[in-house]
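Colleague: As input, take structure10.txt (compact mmCIF, C-alpha atoms):
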# COMPACT_ATOMS: atom_id res chain seq x y z
CA VAL J 97 84.86 -0.04 -52.15
CA ALA J 98 86.60 -0.18 -48.77
CA ILE J 99 89.05 2.54 -49.86
CA VAL J 100 86.19 4.88 -50.68
CA ALA J 101 84.27 4.06 -47.49
CA PHE J 102 87.18 4.90 -45.19
CA PRO J 103 87.65 8.53 -46.36
CA ILE J 104 83.90 9.11 -46.27
CA THR J 105 83.78 7.82 -42.68
CA VAL J 106 86.66 10.11 -41.71
CA ILE J 107 84.99 13.07 -43.42
CA MET J 108 81.69 12.36 -41.66
CA MET J 109 83.42 12.08 -38.27
CA THR J 110 85.35 15.32 -38.88
CA GLN J 111 82.17 17.08 -39.97
CA ALA J 112 80.37 15.86 -36.84
CA GLN J 113 83.22 17.14 -34.66
CA HIS J 114 83.12 20.52 -36.38
CA GLU J 115 79.36 20.74 -35.96
CA GLU J 116 79.73 19.93 -32.27
CA ALA J 117 82.44 22.58 -31.89
CA ILE J 118 80.29 25.16 -33.69
CA ARG J 119 77.32 24.32 -31.46
CA GLY J 120 79.54 24.76 -28.40
CA ILE J 121 80.82 28.12 -29.63
CA LEU J 122 77.28 29.27 -30.43
CA LYS J 123 76.06 28.19 -26.99
CA HIS J 124 78.92 30.13 -25.38
CA LEU J 125 78.24 33.24 -27.47
CA GLN J 126 74.55 33.15 -26.63
CA GLY J 127 75.49 33.35 -22.97
CA VAL J 128 77.54 36.52 -23.46
CA PRO J 129 75.49 39.56 -22.40
CA ILE J 130 76.24 41.70 -25.47
CA GLU J 131 73.22 43.96 -24.92
CA ASP J 132 74.33 44.70 -21.36
CA ASP J 133 77.81 45.54 -22.59
CA MET J 134 76.38 47.88 -25.24
CA SER J 135 74.18 49.62 -22.68
CA THR J 136 77.16 50.07 -20.37
CA LEU J 137 79.26 51.52 -23.19
CA LYS J 138 76.46 53.90 -24.21
CA PHE J 139 76.10 55.05 -20.60
CA ARG J 140 79.86 55.63 -20.34
CA MET J 141 79.81 57.61 -23.59
CA CYS J 142 77.01 59.81 -22.27
CA MET J 143 78.92 60.37 -19.03
CA ALA J 144 82.09 61.24 -20.96
CA LYS J 145 80.15 63.71 -23.13
CA ALA J 146 78.64 65.34 -20.05
CA ASN J 147 82.05 65.52 -18.39
CA ASN J 148 83.51 67.01 -21.58
CA ALA J 149 80.77 69.65 -21.69
CA SER J 150 81.38 70.48 -18.03
CA LEU J 151 85.13 70.85 -18.61
CA HIS J 152 84.46 72.99 -21.67
CA GLY J 153 82.27 75.26 -19.55
CA LYS J 154 84.95 75.54 -16.87
CA ILE J 155 87.57 76.45 -19.49
CA LYS J 156 85.33 79.16 -20.92
CA THR J 157 84.73 80.54 -17.42
CA MET J 158 88.47 80.59 -16.71
CA GLU J 159 89.12 82.35 -20.02
CA ALA J 160 86.50 84.97 -19.19
CA ILE J 161 88.04 85.52 -15.74
CA GLU J 162 91.49 85.91 -17.31
CA THR J 163 90.12 88.44 -19.81
CA VAL J 164 88.48 90.52 -17.06
CA THR J 165 91.61 90.30 -14.89
CA ARG J 166 93.84 91.46 -17.77
CA SER J 167 91.46 94.31 -18.50
CA GLN J 168 91.46 95.42 -14.86
CA GLU J 169 95.27 95.18 -14.73
CA LYS J 170 95.56 97.37 -17.84
CA ARG J 171 93.22 99.96 -16.31
CA ALA J 172 95.16 99.93 -13.03
CA HIS J 173 98.43 100.32 -14.94
CA MET J 174 97.05 103.24 -16.97
CA LYS J 175 95.94 105.07 -13.81
CA MET J 176 99.49 104.98 -12.47
Could you render the structure from this file as structure tokens?

Modeller:
Amino acid sequence: VAIVAFPITVIMMTQAQHEEAIRGILKHLQGVPIEDDMSTLKFRMCMAKANNASLHGKIKTMEAIETVTRSQEKRAHMKM
């Protein structure tokens, strides 16, 4: 009977330690501001998309300027 009681006591102590560790981890995770982090990431994504759209617009403008410049250079060359 004593042989059986010892392993059960060890198992119960180990289980109690694991439960305590899990409670500690859960308490720590509950303190992590996940929602704030998600909001920050969403804001950064929106800013990156806006920046990307702005850069895309600038590239299109530069391409249009290059097209007009090339056209004017061709006309000037033809008049010579």

Colleague: One decimal, in Å: what's the spacing between CA of Ala160 in chain J and CA of Met176 in chain J?

Modeller: 24.8 Å

Colleague: Which distance in Å separates CA of Leu125 in chain J and CA of Gln113 in chain J, to one decimal?

Modeller: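 Between CA of Leu125 in chain J and CA of Gln113 in chain J the gap works out to 18.3 Å.
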
Colleague: In Å, how far is it from CA of Met108 in chain J to CA of Gly127 in chain J?

Modeller: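 Computed distance, CA of Met108 in chain J to CA of Gly127 in chain J, equals 28.8 Å.
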
Colleague: Could you rebuild range 154-165 of chain J with N, CA and C atoms and give me the result as a compact mmCIF listing (two decimals), in the coordinates of the input?

Modeller:
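Contents of selection-v9.txt, freshly written:
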# COMPACT_ATOMS: atom_id res chain seq x y z
N LYS J 154 83.96 75.04 -17.83
CA LYS J 154 84.95 75.54 -16.87
C LYS J 154 86.07 76.29 -17.58
N ILE J 155 86.51 75.77 -18.72
CA ILE J 155 87.57 76.45 -19.49
C ILE J 155 87.09 77.81 -19.95
N LYS J 156 85.87 77.88 -20.46
CA LYS J 156 85.33 79.16 -20.92
C LYS J 156 85.22 80.15 -19.76
N THR J 157 84.81 79.67 -18.59
CA THR J 157 84.73 80.54 -17.42
C THR J 157 86.11 81.06 -17.04
N MET J 158 87.11 80.17 -17.05
CA MET J 158 88.47 80.59 -16.71
C MET J 158 89.00 81.61 -17.72
N GLU J 159 88.69 81.39 -19.00
CA GLU J 159 89.12 82.35 -20.02
C GLU J 159 88.47 83.71 -19.81
N ALA J 160 87.19 83.71 -19.45
CA ALA J 160 86.50 84.97 -19.19
C ALA J 160 87.10 85.68 -17.98
N ILE J 161 87.42 84.93 -16.93
CA ILE J 161 88.04 85.52 -15.74
C ILE J 161 89.39 86.11 -16.09
N GLU J 162 90.18 85.39 -16.89
CA GLU J 162 91.49 85.91 -17.31
C GLU J 162 91.34 87.19 -18.12
N THR J 163 90.35 87.24 -19.00
CA THR J 163 90.12 88.44 -19.81
C THR J 163 89.77 89.63 -18.92
N VAL J 164 88.88 89.43 -17.97
CA VAL J 164 88.48 90.52 -17.06
C VAL J 164 89.68 90.94 -16.21
N THR J 165 90.43 89.99 -15.72
CA THR J 165 91.61 90.30 -14.89
C THR J 165 92.62 91.12 -15.69
